[in-house]
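Peer 1: My structure is in data_1.cif, and what it holds is mmCIF, C-alpha atoms:
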data_run
#
loop_
_atom_site.label_atom_id
_atom_site.label_comp_id
_atom_site.auth_asym_id
_atom_site.auth_seq_id
_atom_site.Cartn_x
_atom_site.Cartn_y
_atom_site.Cartn_z
CA MET V 1 0.00 0.00 0.00
CA PRO V 2 1.36 3.48 -0.89
CA LEU V 3 2.28 5.77 1.99
CA ILE V 4 0.19 8.55 0.43
CA ASP V 5 -2.78 7.65 -1.77
CA VAL V 6 -4.89 10.37 -3.42
CA ARG V 7 -7.92 9.19 -5.38
CA ASN V 8 -10.32 11.37 -7.42
CA LEU V 9 -9.74 14.31 -5.09
CA CYS V 10 -11.96 17.37 -5.56
CA LYS V 11 -12.09 20.57 -3.53
CA THR V 12 -14.52 23.41 -4.16
CA PHE V 13 -14.51 26.76 -2.38
CA LYS V 14 -17.36 29.25 -2.13
CA VAL V 15 -15.98 32.74 -2.82
CA HIS V 16 -17.84 35.92 -1.91
CA GLU V 17 -17.89 38.65 -4.55
CA GLN V 18 -18.62 42.34 -4.11
CA GLN V 19 -18.63 45.21 -6.58
CA PRO V 20 -16.73 48.38 -5.56
CA GLY V 21 -18.59 51.31 -4.08
CA PHE V 22 -20.66 52.14 -1.00
CA THR V 23 -23.99 51.05 -2.55
CA HIS V 24 -22.74 47.56 -3.33
CA ALA V 25 -21.10 47.33 0.10
CA PHE V 26 -24.44 48.21 1.73
CA LYS V 27 -26.32 45.66 -0.40
CA SER V 28 -23.86 42.95 0.56
CA PHE V 29 -25.09 43.18 4.18
CA PHE V 30 -28.44 41.76 3.03
CA LYS V 31 -27.49 39.60 0.06
CA ARG V 32 -24.00 38.39 -0.72
CA GLU V 33 -23.05 37.24 -4.18
CA THR V 34 -21.00 34.07 -4.31
CA ARG V 35 -19.38 31.86 -6.89
CA LEU V 36 -17.83 28.40 -6.71
CA VAL V 37 -14.14 27.91 -7.40
CA GLN V 38 -12.90 24.42 -8.27
CA ALA V 39 -9.42 24.35 -6.70
CA VAL V 40 -8.78 20.62 -7.24
CA GLN V 41 -10.51 18.46 -9.85
CA ASP V 42 -10.46 14.66 -9.92
CA LEU V 43 -6.80 14.49 -8.87
CA SER V 44 -5.21 11.06 -8.36
CA PHE V 45 -1.65 10.01 -7.53
CA SER V 46 0.22 7.87 -5.00
CA ILE V 47 3.61 8.21 -3.28
CA GLU V 48 5.64 5.33 -1.90
CA ALA V 49 7.69 5.46 1.30
CA GLY V 50 11.08 7.12 0.85
CA GLU V 51 10.26 8.96 -2.38
CA LEU V 52 11.39 12.54 -2.98
CA VAL V 53 8.73 14.12 -5.19
CA GLY V 54 8.48 17.57 -6.75
CA PHE V 55 4.94 19.00 -6.84
CA ILE V 56 4.68 21.81 -9.39
CA GLY V 57 2.14 24.07 -11.01
CA GLU V 58 1.35 27.74 -11.43
CA ASN V 59 0.03 29.92 -8.62
CA GLY V 60 -3.59 28.88 -8.11
CA ALA V 61 -3.09 25.43 -9.64
CA GLY V 62 -4.19 23.71 -6.41
CA LYS V 63 -0.86 22.65 -4.92
CA SER V 64 -1.26 24.23 -1.47
CA THR V 65 -4.89 23.12 -1.27
CA THR V 66 -3.86 19.52 -1.96
CA ILE V 67 -1.13 19.67 0.68
CA LYS V 68 -3.55 21.14 3.23
CA ILE V 69 -5.91 18.22 2.64
CA MET V 70 -3.06 15.71 2.99
CA THR V 71 -1.98 17.35 6.25
CA GLY V 72 -5.55 17.30 7.62
CA ILE V 73 -6.11 21.07 7.62
CA LEU V 74 -8.89 20.91 5.00
CA TYR V 75 -11.61 18.39 4.20
CA PRO V 76 -12.07 17.33 0.56
CA THR V 77 -15.34 18.09 -1.20
CA SER V 78 -15.22 14.61 -2.70
CA GLY V 79 -12.71 11.88 -3.39
CA ASP V 80 -10.41 10.10 -0.99
CA VAL V 81 -7.01 10.76 0.60
CA LEU V 82 -5.17 8.17 2.69
CA VAL V 83 -1.92 8.94 4.51
CA ARG V 84 -0.42 5.91 6.26
CA GLY V 85 -3.76 4.18 5.69
CA LEU V 86 -5.75 6.89 7.53
CA HIS V 87 -7.82 9.87 6.44
CA PRO V 88 -5.68 12.79 7.68
CA TYR V 89 -8.65 15.14 8.13
CA GLU V 90 -10.42 12.57 10.36
CA HIS V 91 -7.33 11.57 12.38
CA ARG V 92 -5.56 14.91 12.69
CA LYS V 93 -3.64 14.22 15.91
CA GLU V 94 -2.44 10.80 14.78
CA ASN V 95 -1.49 12.21 11.37
CA ALA V 96 0.37 15.17 12.91
CA ARG V 97 2.65 12.82 14.87
CA HIS V 98 4.06 11.41 11.64
CA ILE V 99 4.37 14.48 9.41
CA GLY V 100 6.48 17.62 9.24
CA VAL V 101 5.22 20.71 7.40
CA ILE V 102 6.72 23.95 6.09
CA PHE V 103 4.45 26.56 4.49
CA GLY V 104 6.69 29.18 2.89
CA GLN V 105 7.82 31.81 5.36
CA ARG V 106 5.15 31.09 8.00
CA SER V 107 7.60 30.44 10.79
CA ARG V 108 6.68 28.47 13.91
CA LEU V 109 9.66 29.80 15.83
CA LEU V 110 9.09 31.89 18.96
CA TRP V 111 10.04 35.39 17.85
CA ASP V 112 11.51 36.83 21.06
CA LEU V 113 13.20 33.69 22.39
CA PRO V 114 16.39 31.87 21.37
CA MET V 115 15.95 29.30 18.63
CA LEU V 116 16.82 26.49 21.04
CA ASP V 117 13.76 27.33 23.18
CA SER V 118 11.46 26.64 20.22
CA PHE V 119 13.11 23.25 19.81
CA GLU V 120 12.60 22.48 23.51
CA LEU V 121 8.92 23.47 23.26
CA TYR V 122 8.30 21.22 20.26
CA ARG V 123 10.14 18.39 21.99
CA GLU V 124 7.44 18.56 24.67
CA ILE V 125 4.58 18.93 22.19
CA TYR V 126 5.66 15.90 20.14
CA ARG V 127 6.89 14.00 23.21
CA VAL V 128 10.27 13.32 21.63
CA GLU V 129 12.49 11.03 23.67
CA PRO V 130 15.54 12.88 25.10
CA ALA V 131 18.02 10.62 23.30
CA LEU V 132 16.29 11.11 19.92
CA PHE V 133 16.02 14.85 20.56
CA ARG V 134 19.76 15.17 21.23
CA HIS V 135 20.61 12.99 18.22
CA ASN V 136 18.43 14.99 15.83
CA LEU V 137 19.55 18.33 17.24
CA ASP V 138 23.22 17.42 16.81
CA LEU V 139 22.56 16.11 13.30
CA PHE V 140 20.66 19.21 12.16
CA ARG V 141 23.19 21.54 13.77
CA ASP V 142 25.97 19.92 11.74
CA LEU V 143 24.12 19.46 8.44
CA LEU V 144 22.59 22.94 8.47
CA ASP V 145 25.56 24.67 10.12
CA MET V 146 23.37 26.14 12.90
CA GLY V 147 25.87 26.00 15.76
CA ASP V 148 26.61 29.75 15.73
CA PHE V 149 23.00 30.88 16.19
CA MET V 150 21.30 28.18 18.28
CA LYS V 151 21.06 30.55 21.27
CA THR V 152 20.33 33.71 19.28
CA PRO V 153 16.83 35.29 19.57
CA VAL V 154 14.82 34.45 16.47
CA ARG V 155 14.12 38.11 15.67
CA GLN V 156 17.87 38.61 15.12
CA LEU V 157 18.24 35.75 12.64
CA SER V 158 18.43 36.21 8.89
CA LEU V 159 15.72 34.78 6.62
CA GLY V 160 18.01 31.94 5.59
CA GLN V 161 18.84 31.09 9.21
CA ARG V 162 15.15 31.09 10.17
CA MET V 163 14.29 28.80 7.26
CA LYS V 164 17.03 26.37 8.30
CA ALA V 165 15.63 26.37 11.83
CA ASP V 166 12.05 25.86 10.61
CA ILE V 167 13.03 22.86 8.48
CA ALA V 168 14.97 21.36 11.40
CA LEU V 169 11.93 21.97 13.62
CA ALA V 170 9.68 20.15 11.14
CA LEU V 171 12.00 17.13 11.30
CA LEU V 172 12.65 17.21 15.04
CA HIS V 173 10.31 14.29 15.81
CA SER V 174 11.65 12.16 12.89
CA PRO V 175 8.43 12.22 10.84
CA GLN V 176 7.83 9.71 8.07
CA ILE V 177 6.57 12.42 5.73
CA LEU V 178 7.82 15.95 5.10
CA TYR V 179 5.70 18.50 3.20
CA LEU V 180 7.69 21.50 1.98
CA ASP V 181 5.64 24.29 0.40
CA GLU V 182 8.08 26.86 -1.08
CA PRO V 183 10.86 26.35 1.50
CA THR V 184 13.44 28.44 -0.41
CA ILE V 185 11.29 31.45 -1.31
CA GLY V 186 13.19 34.70 -0.83
CA LEU V 187 16.50 33.01 0.00
CA ASP V 188 19.86 33.84 -1.58
CA VAL V 189 21.81 31.40 -3.75
CA LEU V 190 23.96 30.01 -0.92
CA ALA V 191 21.01 29.53 1.44
CA LYS V 192 19.03 27.75 -1.30
CA SER V 193 21.97 25.45 -1.96
CA ASN V 194 22.27 24.58 1.74
CA ILE V 195 18.54 23.82 2.02
CA ARG V 196 18.59 21.62 -1.10
CA GLN V 197 21.58 19.69 0.18
CA PHE V 198 19.91 19.16 3.55
CA ILE V 199 16.68 17.87 1.96
CA ARG V 200 18.64 15.33 -0.08
CA GLU V 201 20.72 14.27 2.91
CA SER V 202 17.66 13.90 5.17
CA ASN V 203 15.99 11.73 2.57
CA ARG V 204 19.12 9.61 2.21
CA LEU V 205 19.78 9.15 5.93
CA ASN V 206 16.25 8.76 7.28
CA LYS V 207 14.29 7.71 4.16
CA THR V 208 11.94 10.62 4.86
CA THR V 209 9.20 10.73 2.23
CA THR V 210 9.29 14.30 0.93
CA LEU V 211 6.82 16.29 -1.16
CA LEU V 212 8.46 19.52 -2.32
CA THR V 213 6.51 22.39 -3.84
CA SER V 214 8.63 25.12 -5.38
CA HIS V 215 8.84 27.58 -8.27
CA ASP V 216 12.61 27.06 -8.21
CA MET V 217 12.78 24.53 -11.04
CA LYS V 218 16.53 24.05 -10.76
CA ALA V 219 16.06 22.98 -7.15
CA LEU V 220 13.51 20.37 -8.21
CA ASP V 221 15.84 19.17 -10.94
CA GLN V 222 18.69 18.72 -8.46
CA VAL V 223 16.69 17.33 -5.53
CA CYS V 224 13.76 15.28 -6.84
CA SER V 225 13.64 12.01 -8.76
CA ARG V 226 9.95 12.37 -9.65
CA VAL V 227 7.68 15.23 -10.69
CA ILE V 228 3.92 15.64 -10.30
CA MET V 229 2.55 18.59 -12.26
CA ILE V 230 -0.99 19.93 -11.91
CA ALA V 231 -2.79 22.62 -13.89
CA LYS V 232 -6.16 24.11 -12.94
CA GLY V 233 -6.45 21.45 -10.24
CA CYS V 234 -6.00 18.54 -12.66
CA LEU V 235 -3.09 16.14 -13.08
CA ARG V 236 -0.94 17.13 -16.06
CA PHE V 237 2.10 14.89 -15.56
CA ASP V 238 3.38 12.24 -13.14
CA GLY V 239 6.74 10.61 -13.78
CA SER V 240 10.51 10.91 -13.51
CA VAL V 241 12.34 14.19 -14.06
CA ASP V 242 14.03 12.73 -17.15
CA ASP V 243 10.66 11.65 -18.58
CA PHE V 244 9.30 15.14 -17.90
CA LYS V 245 12.15 16.72 -19.87
CA SER V 246 11.80 14.19 -22.66
CA ARG V 247 8.04 14.64 -23.01
CA PHE V 248 7.76 18.41 -22.74
CA GLY V 249 11.23 19.55 -23.74
CA GLY V 250 10.58 20.18 -27.44
CA GLU V 251 13.73 22.27 -27.86
CA VAL V 252 17.15 20.67 -28.37
CA ARG V 253 20.38 22.66 -28.00
CA LEU V 254 23.73 21.81 -29.53
CA LYS V 255 26.97 23.32 -28.27
CA VAL V 256 29.24 23.47 -31.31
CA THR V 257 32.93 24.43 -31.44
CA PHE V 258 33.86 25.49 -34.98
CA MET V 259 37.37 25.60 -36.44
CA GLN V 260 36.78 29.02 -38.02
CA ASN V 261 35.31 32.15 -36.48
CA ASP V 262 34.10 34.01 -39.57
CA LEU V 263 31.55 31.50 -40.79
CA ASP V 264 28.29 32.65 -42.36
CA LEU V 265 26.02 30.02 -40.88
CA GLN V 266 22.99 29.15 -43.00
CA LEU V 267 21.08 26.54 -41.03
CA ASP V 268 17.64 25.38 -42.12
CA ARG V 269 15.15 25.07 -39.21
CA MET V 270 17.92 25.88 -36.72
CA ARG V 271 19.02 29.11 -35.06
CA VAL V 272 22.04 30.37 -33.16
CA ILE V 273 20.94 31.46 -29.67
CA GLU V 274 24.39 32.00 -28.13
CA ASP V 275 27.52 33.17 -29.93
CA ALA V 276 30.87 33.08 -28.11
CA GLY V 277 33.22 33.22 -31.07
CA LEU V 278 34.23 29.74 -32.08
CA VAL V 279 31.72 28.22 -29.65
CA LYS V 280 28.06 28.62 -30.58
CA THR V 281 24.84 27.22 -29.12
CA ILE V 282 22.39 26.16 -31.81
CA SER V 283 18.73 25.42 -31.13
CA PHE V 284 16.09 23.43 -33.02
CA GLN V 285 12.72 21.80 -32.34
CA LYS V 286 12.31 18.02 -32.15
CA LYS V 287 9.24 18.22 -34.37
CA ASP V 288 11.33 19.82 -37.15
CA LEU V 289 14.52 17.77 -37.06
CA THR V 290 15.99 14.67 -35.48
CA LEU V 291 19.25 14.99 -33.57
CA GLN V 292 21.09 13.04 -36.28
CA GLN V 293 19.71 15.29 -39.05
CA ALA V 294 20.75 18.44 -37.21
CA MET V 295 24.27 17.21 -36.45
CA SER V 296 24.74 15.95 -40.02
CA ALA V 297 23.60 19.29 -41.45
CA ILE V 298 26.15 21.17 -39.33
CA THR V 299 29.14 18.84 -39.68
CA GLY V 300 28.49 18.28 -43.40
CA ARG V 301 28.74 21.98 -44.28
CA TYR V 302 31.11 23.51 -41.74
CA PRO V 303 34.46 22.57 -40.13
CA VAL V 304 33.63 21.40 -36.60
CA ALA V 305 36.12 20.66 -33.81
CA ASP V 306 33.58 19.47 -31.23
CA ILE V 307 29.82 19.09 -30.85
CA SER V 308 27.73 18.12 -27.83
CA VAL V 309 24.08 18.07 -26.78
CA ALA V 310 23.19 20.58 -24.07
CA GLU V 311 20.99 19.25 -21.24
CA ALA V 312 17.35 20.30 -21.33
CA ASP V 313 16.63 23.26 -19.06
CA ILE V 314 13.70 22.24 -16.82
CA GLU V 315 13.01 25.86 -15.90
CA GLN V 316 12.54 26.82 -19.56
CA ILE V 317 10.38 23.73 -20.15
CA VAL V 318 8.03 24.62 -17.29
CA LYS V 319 7.94 28.27 -18.38
CA ASP V 320 6.85 27.19 -21.88
CA LEU V 321 4.16 24.91 -20.40
CA TYR V 322 2.78 27.74 -18.26
CA GLN V 323 2.74 30.02 -21.30
CA LYS V 324 0.80 27.45 -23.32
CA SER V 325 -1.67 27.10 -20.43
CA HIS V 326 -2.30 30.86 -20.44
CA GLU V 327 -2.82 30.85 -24.21
CA GLU V 328 -5.34 27.99 -23.93
CA MET V 329 -7.29 29.90 -21.25
CA LYS V 330 -7.58 32.96 -23.52
CA ARG V 331 -9.13 30.96 -26.37
#
Have the structure of the file written as structure tokens, please.

Peer 2:
Amino acid sequence: MPLIDVRNLCKTFKVHEQQPGFTHAFKSFFKRETRLVQAVQDLSFSIEAGELVGFIGENGAGKSTTIKIMTGILYPTSGDVLVRGLHPYEHRKENARHIGVIFGQRSRLLWDLPMLDSFELYREIYRVEPALFRHNLDLFRDLLDMGDFMKTPVRQLSLGQRMKADIALALLHSPQILYLDEPTIGLDVLAKSNIRQFIRESNRLNKTTTLLTSHDMKALDQVCSRVIMIAKGCLRFDGSVDDFKSRFGGEVRLKVTFMQNDLDLQLDRMRVIEDAGLVKTISFQKKDLTLQQAMSAITGRYPVADISVAEADIEQIVKDLYQKSHEEMKR
């Protein structure tokens, strides 16, 4: 049985609407206009123990709503969700003992107290055994390099330091499942790298099943082995990162090193997108040419010293998918 099993999940919200102006505001006291918003529509997927899964989609696609149902915060309108064989929204306390959750920058740290005090409080809340508490605290302190600010008041910590502490706090009780909703939002490059490395290491050491939601596509590419993509609340893709690139990455890029610098390149159905002298990056679409056709066309007409295939950029792939989604909505 999968650790997380989502079947035909639907969630509908009733949204109140009001026209601007005093008259409409007054009328709303007596009769409020509402409309239904379908946040999640017939969504199904399952996650096995120990998996590290990226959960992607545009803002408003239904990612956070789905996570809130899996954590027990929201009830589904219809469909079924089982986490560890239980409905999380019907067994909230039992479910909470086995999950860790991060929602963006909504910190659970005590603002005016040292970071260590928040850890002590959550040790009591989750009834963590002293030996396990010390083990996890030492592990997180080393992996996240938190030794210098363990006793510093939270209000004096940087955003990156607070996010490290929040992730460590979510894992303090050694949960089976970790939900991370935008854990690197607003962080600098170094802080993002540290968080990504810690997520991978935690998954490797403890086999923590992790569902990571992020708009940082490079992070998903480096951290996750599987991607679930939703659009308008519906499942769009579920498979490996490599399969995702292969299916949606229509563009192929060749990095070509020519022997001459003054070449007048005339390439049918191909274009030069980067020019660094002898080294040029040439792009084409899979639907127009095969890789062999493109390479033969280049090497057959021009003196080439080296040619290689550039790896598909997952960020560009997702950007193109989002753009297509917007165009479909306008039709």

Peer 1: Running the PyMOL selection byres ((chain V and resi 7-21) around 9) on this model by hand, what would come out? Give it as JSON, numbers by chain.

Peer 2: {"V": [5, 6, 22, 23, 24, 25, 26, 28, 32, 33, 34, 35, 36, 37, 38, 39, 40, 41, 42, 43, 44, 45, 46, 62, 65, 66, 75, 76, 77, 78, 79, 80, 81, 82, 233]}

Peer 1: Excluding same-chain residues fewer than 2 positions from Lys255 of chain V, what lies within 8 Å of it counting all atoms listed in the file, as a list in words?

Peer 2: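 After dropping sequence-adjacent residues, the list is Arg253, Thr257, Val279, Lys280, Thr281, Ile282, Ile307, Ser308, Val309 and Ala310 of chain V.
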
Peer 1: Could you state the separation of atom CA of Lys192 of chain V and atom CA of Val53 of chain V in Å, given to one decimal place?

Peer 2: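 Atom CA of Val53 of chain V lies at a distance of 17.5 Å from atom CA of Lys192 of chain V.
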
Peer 1: To one decimal place, how far is atom CA of Asn136 of chain V from atom CA of Asp148 of chain V in Å?

Peer 2: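 Atom CA of Asp148 of chain V lies at a distance of 16.9 Å from atom CA of Asn136 of chain V.
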
Peer 1: Give the answer as one residue: which of V:Pro153, V:Gly300, V:Pro183, V:Gly57 has the shortest atom-to-atom distance to Met229 of chain V, using only C-alpha atoms?

Peer 2: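 Between V:Pro153, V:Gly300, V:Pro183, V:Gly57, the residue approaching Met229 of chain V most closely is V:Gly57.
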
Peer 1: Taking the point (12.8, 19.6, 25.1) as given in the file, collect each protein or nucleic acid residue that comes within 10 Å of it, counting all atoms listed in the file, and present the set as a VMD selection string.

Peer 2: chain V and resid 116 to 130 133 to 134

Peer 1: Taking the file above as input, evaluate the PyMOL selection byres ((chain V and resi 273-275) around 12) and report the hits as an MDAnalysis selection string.

Peer 2: chainID V and resid 251:258 261:263 265 270:272 276:284

Peer 1: Please produce a file of those selected residues containing C-alpha atoms, as a JSON list (two decimals), in the coordinates of the input.

Peer 2:
[["chain", "number", "residue", "atom", "x", "y", "z"],
["V", 251, "GLU", "CA", 13.73, 22.27, -27.86],
["V", 252, "VAL", "CA", 17.15, 20.67, -28.37],
["V", 253, "ARG", "CA", 20.38, 22.66, -28.00],
["V", 254, "LEU", "CA", 23.73, 21.81, -29.53],
["V", 255, "LYS", "CA", 26.97, 23.32, -28.27],
["V", 256, "VAL", "CA", 29.24, 23.47, -31.31],
["V", 257, "THR", "CA", 32.93, 24.43, -31.44],
["V", 258, "PHE", "CA", 33.86, 25.49, -34.98],
["V", 261, "ASN", "CA", 35.31, 32.15, -36.48],
["V", 262, "ASP", "CA", 34.10, 34.01, -39.57],
["V", 263, "LEU", "CA", 31.55, 31.50, -40.79],
["V", 265, "LEU", "CA", 26.02, 30.02, -40.88],
["V", 270, "MET", "CA", 17.92, 25.88, -36.72],
["V", 271, "ARG", "CA", 19.02, 29.11, -35.06],
["V", 272, "VAL", "CA", 22.04, 30.37, -33.16],
["V", 276, "ALA", "CA", 30.87, 33.08, -28.11],
["V", 277, "GLY", "CA", 33.22, 33.22, -31.07],
["V", 278, "LEU", "CA", 34.23, 29.74, -32.08],
["V", 279, "VAL", "CA", 31.72, 28.22, -29.65],
["V", 280, "LYS", "CA", 28.06, 28.62, -30.58],
["V", 281, "THR", "CA", 24.84, 27.22, -29.12],
["V", 282, "ILE", "CA", 22.39, 26.16, -31.81],
["V", 283, "SER", "CA", 18.73, 25.42, -31.13],
["V", 284, "PHE", "CA", 16.09, 23.43, -33.02]]

Peer 1: Specify as a PyMOL selection string each residue included when the PyMOL selection byres ((chain V and resi 88-95) around 10) is applied to this file.

Peer 2: chain V and resi 68-76+81-87+96-100+175+177

Peer 1: Emit the selected residues as a PDB file, keeping the file's coordinate frame, including C-alpha atoms.

Peer 2:
ATOM      1  CA  LYS V  68      -3.550  21.140   3.230  1.00  0.00           C
ATOM      2  CA  ILE V  69      -5.910  18.220   2.640  1.00  0.00           C
ATOM      3  CA  MET V  70      -3.060  15.710   2.990  1.00  0.00           C
ATOM      4  CA  THR V  71      -1.980  17.350   6.250  1.00  0.00           C
ATOM      5  CA  GLY V  72      -5.550  17.300   7.620  1.00  0.00           C
ATOM      6  CA  ILE V  73      -6.110  21.070   7.620  1.00  0.00           C
ATOM      7  CA  LEU V  74      -8.890  20.910   5.000  1.00  0.00           C
ATOM      8  CA  TYR V  75     -11.610  18.390   4.200  1.00  0.00           C
ATOM      9  CA  PRO V  76     -12.070  17.330   0.560  1.00  0.00           C
ATOM     10  CA  VAL V  81      -7.010  10.760   0.600  1.00  0.00           C
ATOM     11  CA  LEU V  82      -5.170   8.170   2.690  1.00  0.00           C
ATOM     12  CA  VAL V  83      -1.920   8.940   4.510  1.00  0.00           C
ATOM     13  CA  ARG V  84      -0.420   5.910   6.260  1.00  0.00           C
ATOM     14  CA  GLY V  85      -3.760   4.180   5.690  1.00  0.00           C
ATOM     15  CA  LEU V  86      -5.750   6.890   7.530  1.00  0.00           C
ATOM     16  CA  HIS V  87      -7.820   9.870   6.440  1.00  0.00           C
ATOM     17  CA  ALA V  96       0.370  15.170  12.910  1.00  0.00           C
ATOM     18  CA  ARG V  97       2.650  12.820  14.870  1.00  0.00           C
ATOM     19  CA  HIS V  98       4.060  11.410  11.640  1.00  0.00           C
ATOM     20  CA  ILE V  99       4.370  14.480   9.410  1.00  0.00           C
ATOM     21  CA  GLY V 100       6.480  17.620   9.240  1.00  0.00           C
ATOM     22  CA  PRO V 175       8.430  12.220  10.840  1.00  0.00           C
ATOM     23  CA  ILE V 177       6.570  12.420   5.730  1.00  0.00           C
TER      24      ILE V 177
END

Peer 1: Just give me the residues with any atom within 12 Å of (16.8, 35.3, 9.9), file coordinates, counting all atoms listed in the file, written as a list in words.

Peer 2: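 Here the neighbourhood of the point contains Gln105, Ser107, Leu109, Trp111, Pro114, Met115, Met146, Phe149, Met150, Thr152, Pro153, Val154, Arg155, Gln156, Leu157, Ser158, Leu159, Gly160, Gln161, Arg162, Met163, Lys164, Ala165, Asp166, Gly186, Leu187, Asp188 and Ala191 of chain V.
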
Peer 1: Would you mind reading off the distance between atom CA of Leu321 of chain V and atom CA of Ala219 of chain V, one decimal, in Å?

Peer 2: 17.9 Å

Peer 1: Need to verify the contact set: Thr210 of chain V, 8 Å, only C-alpha atoms, exclusion of same-chain residues closer than 4 positions in sequence. Can you return it as a list in words?

Peer 2: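 The neighbour list is Gly50, Glu51, Leu52, Val53, Ile177, Leu178, Tyr179, Leu180 and Asn203 of chain V.
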
Peer 1: Take segment 164-176 of chain V, bring it up to N, CA and C atoms, and give me the output as an mmCIF file, in the coordinates of the input.

Peer 2:
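File written: result_34.cif
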data_model
loop_
_atom_site.group_PDB
_atom_site.id
_atom_site.type_symbol
_atom_site.label_atom_id
_atom_site.label_comp_id
_atom_site.auth_asym_id
_atom_site.auth_seq_id
_atom_site.Cartn_x
_atom_site.Cartn_y
_atom_site.Cartn_z
ATOM 1 N N LYS V 164 16.302 27.561 7.848
ATOM 2 C CA LYS V 164 17.030 26.370 8.300
ATOM 3 C C LYS V 164 16.428 25.843 9.601
ATOM 4 N N ALA V 165 16.182 26.764 10.532
ATOM 5 C CA ALA V 165 15.630 26.370 11.830
ATOM 6 C C ALA V 165 14.231 25.780 11.680
ATOM 7 N N ASP V 166 13.411 26.357 10.805
ATOM 8 C CA ASP V 166 12.050 25.860 10.610
ATOM 9 C C ASP V 166 12.055 24.449 10.013
ATOM 10 N N ILE V 167 12.948 24.193 9.077
ATOM 11 C CA ILE V 167 13.030 22.860 8.480
ATOM 12 C C ILE V 167 13.509 21.848 9.520
ATOM 13 N N ALA V 168 14.501 22.249 10.322
ATOM 14 C CA ALA V 168 14.970 21.360 11.400
ATOM 15 C C ALA V 168 13.850 21.090 12.393
ATOM 16 N N LEU V 169 13.052 22.119 12.692
ATOM 17 C CA LEU V 169 11.930 21.970 13.620
ATOM 18 C C LEU V 169 10.899 20.988 13.079
ATOM 19 N N ALA V 170 10.654 21.052 11.763
ATOM 20 C CA ALA V 170 9.680 20.150 11.140
ATOM 21 C C ALA V 170 10.138 18.695 11.186
ATOM 22 N N LEU V 171 11.456 18.486 11.288
ATOM 23 C CA LEU V 171 12.000 17.130 11.300
ATOM 24 C C LEU V 171 12.426 16.664 12.681
ATOM 25 N N LEU V 172 12.164 17.489 13.684
ATOM 26 C CA LEU V 172 12.650 17.210 15.040
ATOM 27 C C LEU V 172 12.149 15.874 15.574
ATOM 28 N N HIS V 173 10.909 15.518 15.269
ATOM 29 C CA HIS V 173 10.310 14.290 15.810
ATOM 30 C C HIS V 173 10.459 13.107 14.846
ATOM 31 N N SER V 174 11.378 13.237 13.866
ATOM 32 C CA SER V 174 11.650 12.160 12.890
ATOM 33 C C SER V 174 10.376 11.694 12.188
ATOM 34 N N PRO V 175 9.666 12.613 11.514
ATOM 35 C CA PRO V 175 8.430 12.220 10.840
ATOM 36 C C PRO V 175 8.704 11.337 9.626
ATOM 37 N N GLN V 176 7.714 10.537 9.267
ATOM 38 C CA GLN V 176 7.830 9.710 8.070
ATOM 39 C C GLN V 176 7.689 10.539 6.803
#
